[in-house]
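Read through the structure below, which is laid out as structure tokens, and then see the notes.
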Amino acid sequence: MRGKTAMDGRGPSRADEARAVLMGNDEGGRWTRPSPRLYPHLWLWDSCFIAIGLAHFDVPRARQELRSALEAQWPDGLLPHIRFNPREEGYFPGPDVWRSPEGRLSSAITQPPMPAIALMELHRRHPDTGFLEEVFEPVAAYHEYLSLHRGRDLLFIIHPWESGLDNSPLYDDALLRVPVDRALVLRRRDDSIVDPAQRPSKRFYEKYIALVNSFAGKDHAIDAIAQTSPFLIQDVLFNALWCEANRCLGVLAEALGREGRPFFEQSRRTRDAMRREMCRDGLYHPKDLREGRLIEGLACTLIAPLFAGVASEQEADKAASVALRDLHLRHGICSYDPRAPQFDPVCYWRGPVWVNINWMAVRGLQRYGHIDEAESLRRHTLELIDENGFFEYFDPHSGAGCGGESFSWTAALYLDLLDPAATPLARGPV
Ligand code: GLC
């Protein structure tokens with residue numbers, strides 16, 4: 001069923017435009033490009049957010065979005081963060097840089113584990129056991145990959161791109177350890193599509209590509225990479241989503257008459273490990289495993305333990321007040337502390353407001369009963385998009401759109417935020 005796209009007498013509504021953005025970024029009815037020129041392939045966690053939005057007006061297409069992300073799965077269960085479209089050429093870094101085994105047209109790293117969460121969203125709105133049966137195994141195989149190769153209770157990431165928050169200042173120090181090959185040639189296009197001031201700098205890209213080259217040099221053997229690579233971090237958002245994803249997979253397993261208990265137990269073990277290892281004074285911090293210390297700094301990831309039910313009630317109260325007081329300027333949660341020297345209001349994850357983070361914060365606040373704050377953030381986020389359009393991220397002072405235009409997850413989550421019936425998947429801590 002296609003949703004309504006017709007214009008009313010006053011021109012298209014923003015919801016119509018949101019649907020039009022998603023349909024405009026559609027790739028042959030199979031997946032959705034995050035932004036047509038800047039990101040012309042499939043990105044894993046983008047497709048998860050996109051499926052949540054598509055479920056509001058085109059359920060078969062929402063299911064197809066997840067299917068397409070899962071089709072890129074590696075034999076060991078890895079879900080790569082990019083599935084390349086063979087018809088698109090010129091993206092950097094493309095398959096020739098990644099050199100994935102057996103010529104696979106994908107990157108060789110992953111992204112925050114959103115698939116089980118998106119599947120849970122789809123299932124609770126439009127239950128369909130046939131579809132669930134079809135996709136359950138690949139999602140469970142992905143979880144098995146993560147628990148076997150990435151640490152089980154607390155997972156580590158091997159590249160800033162795996163965090164989803166690429167150039168967040170959280171990873172600056174760890175990146176200092178990454179050696180750069182002076183002969184490296186970058187063939188970037190992103191900084192000619194978008195104002196370079198809004199994109200990660202050359203210095204960061206050199207480090208990103210140096211890491212990719214070193215992984216390719218090890219044939220992407222994850223255990224060898226984990227032993228020696230200079231960048232190894234237990235990230236807050238990644239682990240919080242790991243906790244929530246296992247809870248969701250437990251619920252979905254039971255919906256299929258399977259054992260949910262192993263997934264619930266994994267979810268609680270991750271919650272406990274996060275509380276034990278990553279929490280200081282009520283706030284959660286990533287851990288740099290090469291240095292064996294928590295990374296200081298206030299970032300938007302502090303809302304993730306609310307979204308995922310990792311925080312205790314007391315920690316949630318604290319995180320909510322810090323997020324809404326210290327990270328919130330006018331338009332939502334800044335990706336990084338506006339008082340810190342590293343803050344930059346227009347540069348990607350170093351300050352701008354992102355709609356997926358506001359969406360998670362709304363869900364997290366709702367989950368812990370901060371209903372008024374959630375409602376206010378929900379309305380602010382919708383207004384931000386109403387006034388500025390479907391941009392990739394927004395300047396937290398002016399609300400001006402930055403980065404890619406017609407950005408799919410901004411449109412998808414706009415549709416979800418518009419629906420007052422969209423509520424968190426669970427209440428309170430796990
Ligand atoms: C950027 C973002 C990442 C996203 C990708 C595609 O790399 O940091 O989170 O998945 O773009 O939109």
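If you're wondering about the labels, chains in the structure tokens are A, B, ... by order shown, residues count from 1 in each chain, ligands from 1 in order shown.
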May I ask you to write as a JSON list (two decimals) with N, CA and C atoms, in the first residue's frame all residues lying at most 8 Å from ligand 1, with only C-alpha atoms and all ligand atoms counted?
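Here's the written file pocket.json:
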```json
[["chain", "number", "residue", "atom", "x", "y", "z"],
["A", 34, "PRO", "N", 21.00, 7.02, 1.40],
["A", 34, "PRO", "CA", 20.86, 8.01, 2.47],
["A", 34, "PRO", "C", 20.71, 9.44, 1.95],
["A", 35, "SER", "N", 21.45, 9.77, 0.90],
["A", 35, "SER", "CA", 21.34, 11.10, 0.28],
["A", 35, "SER", "C", 21.86, 10.89, -1.14],
["A", 39, "TYR", "N", 25.73, 10.09, -0.60],
["A", 39, "TYR", "CA", 25.81, 8.69, -0.16],
["A", 39, "TYR", "C", 24.96, 7.83, -1.11],
["A", 43, "TRP", "N", 23.53, 2.12, 3.35],
["A", 43, "TRP", "CA", 24.22, 2.15, 4.64],
["A", 43, "TRP", "C", 23.37, 1.42, 5.67],
["A", 44, "LEU", "N", 24.03, 0.59, 6.48],
["A", 44, "LEU", "CA", 23.29, -0.33, 7.36],
["A", 44, "LEU", "C", 22.34, 0.37, 8.34],
["A", 45, "TRP", "N", 22.87, 1.25, 9.19],
["A", 45, "TRP", "CA", 21.93, 1.78, 10.19],
["A", 45, "TRP", "C", 20.99, 2.81, 9.58],
["A", 46, "ASP", "N", 21.41, 3.45, 8.49],
["A", 46, "ASP", "CA", 20.47, 4.32, 7.77],
["A", 46, "ASP", "C", 19.26, 3.52, 7.33],
["A", 81, "HIS", "N", 28.77, -2.16, 6.80],
["A", 81, "HIS", "CA", 28.09, -0.86, 6.95],
["A", 81, "HIS", "C", 27.71, -0.24, 5.61],
["A", 111, "GLN", "N", 28.16, -1.20, 11.61],
["A", 111, "GLN", "CA", 27.65, 0.05, 12.19],
["A", 111, "GLN", "C", 26.84, -0.30, 13.42],
["A", 161, "TRP", "N", 34.03, 4.93, 11.86],
["A", 161, "TRP", "CA", 32.81, 4.75, 11.05],
["A", 161, "TRP", "C", 31.87, 3.72, 11.66],
["A", 163, "SER", "N", 31.08, 3.57, 14.70],
["A", 163, "SER", "CA", 30.29, 4.21, 15.77],
["A", 163, "SER", "C", 29.06, 4.89, 15.22],
["A", 164, "GLY", "N", 29.07, 5.20, 13.91],
["A", 164, "GLY", "CA", 28.00, 6.01, 13.31],
["A", 164, "GLY", "C", 28.24, 7.50, 13.50],
["A", 165, "LEU", "N", 29.20, 7.86, 14.37],
["A", 165, "LEU", "CA", 29.44, 9.27, 14.71],
["A", 165, "LEU", "C", 30.84, 9.67, 14.27],
["A", 166, "ASP", "N", 31.15, 9.39, 13.03],
["A", 166, "ASP", "CA", 32.50, 9.42, 12.46],
["A", 166, "ASP", "C", 33.55, 10.32, 13.13],
["A", 167, "ASN", "N", 33.36, 11.64, 13.01],
["A", 167, "ASN", "CA", 34.44, 12.52, 13.50],
["A", 167, "ASN", "C", 34.13, 13.12, 14.87],
["A", 348, "TYR", "N", 29.63, 18.26, 11.11],
["A", 348, "TYR", "CA", 29.32, 16.84, 11.22],
["A", 348, "TYR", "C", 29.00, 16.42, 12.65],
["A", 349, "TRP", "N", 29.81, 15.53, 13.26],
["A", 349, "TRP", "CA", 29.48, 15.04, 14.60],
["A", 349, "TRP", "C", 30.21, 15.81, 15.69],
["A", 392, "GLU", "N", 20.86, 16.68, 6.47],
["A", 392, "GLU", "CA", 21.55, 15.61, 7.19],
["A", 392, "GLU", "C", 21.75, 15.99, 8.66],
["A", 407, "PHE", "N", 17.92, 14.12, 3.00],
["A", 407, "PHE", "CA", 18.57, 13.06, 3.76],
["A", 407, "PHE", "C", 17.50, 12.08, 4.25],
["A", 409, "TRP", "N", 17.22, 9.49, 6.50],
["A", 409, "TRP", "CA", 16.73, 9.19, 7.86],
["A", 409, "TRP", "C", 16.07, 10.39, 8.51]]
```
DSSP on the backbone: what in region 162-336 of chain A comes out alpha helix (DSSP H), as an NGL selection string?
-> :A and (162-163 or 172-176 or 190-193 or 202-217 or 222-228 or 236-255 or 261-277 or 304-307 or 313-326)
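Between CA of Glu259 (chain A) and CA of Gln73 (chain A) the separation is 23.4 Å.
Note that DSSP on the backbone gives strand (DSSP E) to these residues of region 279-388 of chain A: Cys279, Arg280, Leu283, Tyr284, Lys287, Asp288, Arg293 and Leu294 of chain A.
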Find the nearest atom pair between each residue of region 205-281 of chain A and region 175-184 of chain A for residues within 8 Å, count only C-alpha atoms, give distances in Å to one decimal, sort rows by chain and ascending number, and present the table as JSON lines.
```
{"residue": "A:Glu206", "atom": "CA", "partner": "A:Val180", "partner_atom": "CA", "distance": 6.3}
{"residue": "A:Lys207", "atom": "CA", "partner": "A:Val180", "partner_atom": "CA", "distance": 6.1}
{"residue": "A:Ala210", "atom": "CA", "partner": "A:Val180", "partner_atom": "CA", "distance": 5.8}
{"residue": "A:Leu211", "atom": "CA", "partner": "A:Val178", "partner_atom": "CA", "distance": 7.3}
{"residue": "A:Pro230", "atom": "CA", "partner": "A:Arg177", "partner_atom": "CA", "distance": 6.0}
{"residue": "A:Phe231", "atom": "CA", "partner": "A:Leu175", "partner_atom": "CA", "distance": 6.6}
```
With only C-alpha atoms as the basis for distance, which of A:Val194, A:Leu38, A:Leu241, A:Ile82 is at the shortest distance from Ala118 (chain A)?
->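 Closest residue, counting only C-alpha atoms: A:Leu241.
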Find the residues around region 365-372 of chain A up to 6 Å (only C-alpha atoms counted), leave out those fewer than 4 positions away in its own chain, and share them as a ChimeraX atom specification.
-> /A:361,424,427-428
So that I have them on file, write out the residues from the current selection with C-alpha atoms, as a JSON list (two decimals), in the first residue's frame.
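Writing the result to result_29.json gives the following:
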```json
[["chain", "number", "residue", "atom", "x", "y", "z"],
["A", 361, "ALA", "CA", 16.41, 10.96, 23.00],
["A", 424, "PRO", "CA", 9.24, 3.35, 23.08],
["A", 427, "ARG", "CA", 9.35, 0.97, 29.71],
["A", 428, "GLY", "CA", 12.07, 1.69, 32.24]]
```
Contact residues around region 146-159 of chain A with only C-alpha atoms at 6 Å, ignoring same-chain residues under 5 positions, as a PDB file with C-alpha atoms, in the first residue's frame:
```
ATOM      1  CA  PHE A 231      41.930   2.048  17.396  1.00  0.00           C
ATOM      2  CA  LEU A 232      39.854  -0.195  19.657  1.00  0.00           C
ATOM      3  CA  ILE A 233      36.963   1.343  21.571  1.00  0.00           C
ATOM      4  CA  GLN A 234      33.979   0.135  23.563  1.00  0.00           C
ATOM      5  CA  ARG A 269      24.800  -8.985  30.800  1.00  0.00           C
ATOM      6  CA  THR A 270      25.543  -6.038  28.529  1.00  0.00           C
TER       7      THR A 270
END
```
Find the residues around Ala62 (chain A) up to 12 Å (only C-alpha atoms counted), leave out those fewer than 6 positions away in its own chain, and share them as a PyMOL selection string.
-> chain A and resi 1-2+22-23+26+29-32+47-56+68-69+118-119+121-123+125-126+131+412
Pairwise distance for CA of Phe92 (chain A) and CA of Arg188 (chain A), rounded to one decimal in Å =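 For CA of Phe92 (chain A) relative to CA of Arg188 (chain A), the distance reads 5.5 Å.
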Residue contacts of Ala197 (chain A) (7 Å, only C-alpha atoms) excluding same-chain residues fewer than 2 positions away, as number ranges by chain | A: 195, 199, 347
Taking only residues of region 334-409 of chain A that have an atom at most 9 Å from an atom of region 16-21 of chain A, what is each one's shortest atom pair and its distance in Å to one decimal, using only C-alpha atoms, in chain and number order, as a tab-separated table?
```
residue	atom	partner	partner_atom	distance
A:Phe390	CA	A:Ala18	CA	7.6
A:Ser406	CA	A:Val21	CA	5.8
A:Phe407	CA	A:Val21	CA	7.4
A:Ser408	CA	A:Val21	CA	6.6
```
Near Arg363 (chain A), within 12 Å and counting only C-alpha atoms, which residues show up once chain neighbours fewer than 3 positions away are dropped, as a PyMOL selection string?
-> chain A and resi 303-309+320+356-360+366-371+373-375+377-378+413+416-417+420-428
Generate a file of the selected residues that holds N, CA, C and O atoms, formatted as a short mmCIF file (atom, residue, chain, number, x, y, z; two decimals), in the first residue's frame.
```cif
data_model
loop_
_atom_site.label_atom_id
_atom_site.label_comp_id
_atom_site.auth_asym_id
_atom_site.auth_seq_id
_atom_site.Cartn_x
_atom_site.Cartn_y
_atom_site.Cartn_z
N ILE A 303 22.62 10.00 25.78
CA ILE A 303 21.19 9.65 25.82
C ILE A 303 20.94 8.18 25.45
O ILE A 303 19.85 7.65 25.65
N ALA A 304 21.97 7.51 24.92
CA ALA A 304 21.77 6.13 24.45
C ALA A 304 21.35 5.17 25.58
O ALA A 304 20.49 4.31 25.37
N PRO A 305 21.94 5.30 26.79
CA PRO A 305 21.51 4.38 27.85
C PRO A 305 20.03 4.56 28.26
O PRO A 305 19.45 3.66 28.86
N LEU A 306 19.43 5.70 27.91
CA LEU A 306 17.99 5.87 28.16
C LEU A 306 17.20 5.15 27.07
O LEU A 306 16.25 4.42 27.34
N PHE A 307 17.61 5.37 25.84
CA PHE A 307 16.93 4.70 24.72
C PHE A 307 16.89 3.20 24.93
O PHE A 307 15.90 2.53 24.65
N ALA A 308 18.02 2.67 25.44
CA ALA A 308 18.17 1.22 25.52
C ALA A 308 17.79 0.63 26.87
O ALA A 308 17.85 -0.59 27.04
N GLY A 309 17.41 1.46 27.82
CA GLY A 309 17.05 0.91 29.13
C GLY A 309 18.24 0.42 29.93
O GLY A 309 18.10 -0.42 30.82
N ALA A 320 19.20 12.85 31.56
CA ALA A 320 18.17 13.70 30.94
C ALA A 320 18.45 15.16 31.28
O ALA A 320 18.41 16.03 30.39
N ASN A 356 18.41 11.56 14.10
CA ASN A 356 18.34 10.21 14.71
C ASN A 356 18.66 10.28 16.21
O ASN A 356 18.10 9.53 17.01
N ILE A 357 19.52 11.22 16.59
CA ILE A 357 19.85 11.37 18.02
C ILE A 357 18.65 11.97 18.76
O ILE A 357 18.27 11.50 19.84
N ASN A 358 18.05 13.01 18.18
CA ASN A 358 16.85 13.57 18.83
C ASN A 358 15.77 12.50 18.97
O ASN A 358 15.09 12.40 19.99
N TRP A 359 15.62 11.69 17.93
CA TRP A 359 14.61 10.61 17.95
C TRP A 359 14.90 9.63 19.08
O TRP A 359 14.01 9.25 19.85
N MET A 360 16.16 9.24 19.21
CA MET A 360 16.51 8.31 20.30
C MET A 360 16.30 8.97 21.66
O MET A 360 15.87 8.32 22.61
N GLN A 366 10.82 9.21 26.97
CA GLN A 366 9.51 8.56 27.15
C GLN A 366 9.66 7.29 27.98
O GLN A 366 8.88 7.01 28.87
N ARG A 367 10.70 6.53 27.67
CA ARG A 367 10.89 5.23 28.33
C ARG A 367 11.00 5.39 29.84
O ARG A 367 10.57 4.54 30.61
N TYR A 368 11.64 6.52 30.26
CA TYR A 368 11.84 6.74 31.69
C TYR A 368 10.82 7.71 32.29
O TYR A 368 11.03 8.26 33.35
N GLY A 369 9.72 7.93 31.57
CA GLY A 369 8.63 8.73 32.13
C GLY A 369 8.83 10.24 32.11
O GLY A 369 8.08 10.97 32.75
N HIS A 370 9.82 10.73 31.38
CA HIS A 370 9.99 12.19 31.25
C HIS A 370 9.13 12.68 30.08
O HIS A 370 9.64 13.09 29.03
N ILE A 371 7.84 12.59 30.28
CA ILE A 371 6.91 12.76 29.16
C ILE A 371 6.89 14.20 28.61
O ILE A 371 6.89 14.40 27.39
N GLU A 373 9.25 16.50 28.78
CA GLU A 373 10.52 16.80 28.09
C GLU A 373 10.56 16.11 26.72
O GLU A 373 11.02 16.68 25.74
N ALA A 374 10.05 14.88 26.70
CA ALA A 374 10.04 14.13 25.44
C ALA A 374 9.15 14.85 24.42
O ALA A 374 9.53 15.01 23.25
N GLU A 375 8.00 15.31 24.89
CA GLU A 375 7.06 15.96 23.98
C GLU A 375 7.65 17.27 23.45
O GLU A 375 7.52 17.58 22.26
N LEU A 377 10.85 18.00 23.09
CA LEU A 377 11.93 17.69 22.13
C LEU A 377 11.35 17.18 20.81
O LEU A 377 11.83 17.50 19.73
N ARG A 378 10.27 16.39 20.91
CA ARG A 378 9.62 15.89 19.70
C ARG A 378 9.11 17.07 18.85
O ARG A 378 9.36 17.15 17.65
N LEU A 413 12.50 9.55 10.03
CA LEU A 413 12.21 9.73 11.45
C LEU A 413 11.27 10.90 11.68
O LEU A 413 10.56 10.95 12.69
N ASP A 416 8.06 9.23 11.72
CA ASP A 416 7.84 8.51 12.97
C ASP A 416 7.53 9.48 14.11
O ASP A 416 6.64 9.23 14.92
N LEU A 417 8.25 10.60 14.14
CA LEU A 417 8.01 11.59 15.21
C LEU A 417 6.64 12.24 15.08
O LEU A 417 6.06 12.68 16.07
N PRO A 420 1.86 10.40 17.00
CA PRO A 420 1.83 10.42 18.46
C PRO A 420 1.73 9.01 19.05
O PRO A 420 2.04 8.80 20.23
N ALA A 421 1.33 8.04 18.23
CA ALA A 421 1.21 6.67 18.74
C ALA A 421 2.56 5.96 18.76
O ALA A 421 2.68 4.86 19.30
N ALA A 422 3.59 6.57 18.17
CA ALA A 422 4.92 5.93 18.17
C ALA A 422 5.53 6.11 19.56
O ALA A 422 5.81 7.22 19.99
N THR A 423 5.72 5.03 20.26
CA THR A 423 6.19 5.09 21.64
C THR A 423 7.39 4.15 21.79
O THR A 423 7.66 3.35 20.91
N PRO A 424 8.09 4.24 22.93
CA PRO A 424 9.24 3.35 23.08
C PRO A 424 8.84 1.90 23.07
O PRO A 424 7.70 1.54 23.38
N LEU A 425 9.80 1.06 22.74
CA LEU A 425 9.52 -0.39 22.65
C LEU A 425 9.37 -1.03 24.02
O LEU A 425 8.85 -2.12 24.14
N ALA A 426 9.89 -0.37 25.07
CA ALA A 426 9.77 -0.93 26.42
C ALA A 426 9.75 0.23 27.41
O ALA A 426 10.06 1.35 27.05
N ARG A 427 9.39 -0.07 28.66
CA ARG A 427 9.35 0.97 29.71
C ARG A 427 10.44 0.72 30.71
O ARG A 427 10.69 -0.42 31.12
N GLY A 428 11.10 1.78 31.15
CA GLY A 428 12.07 1.69 32.24
C GLY A 428 13.30 0.87 31.90
O GLY A 428 13.49 0.45 30.76
#
```
Expressed in Å to a single decimal, how great is the separation between CA of His143 (chain A) and CA of Cys243 (chain A)?
->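 Separation between CA of His143 (chain A) and CA of Cys243 (chain A): 10.9 Å.
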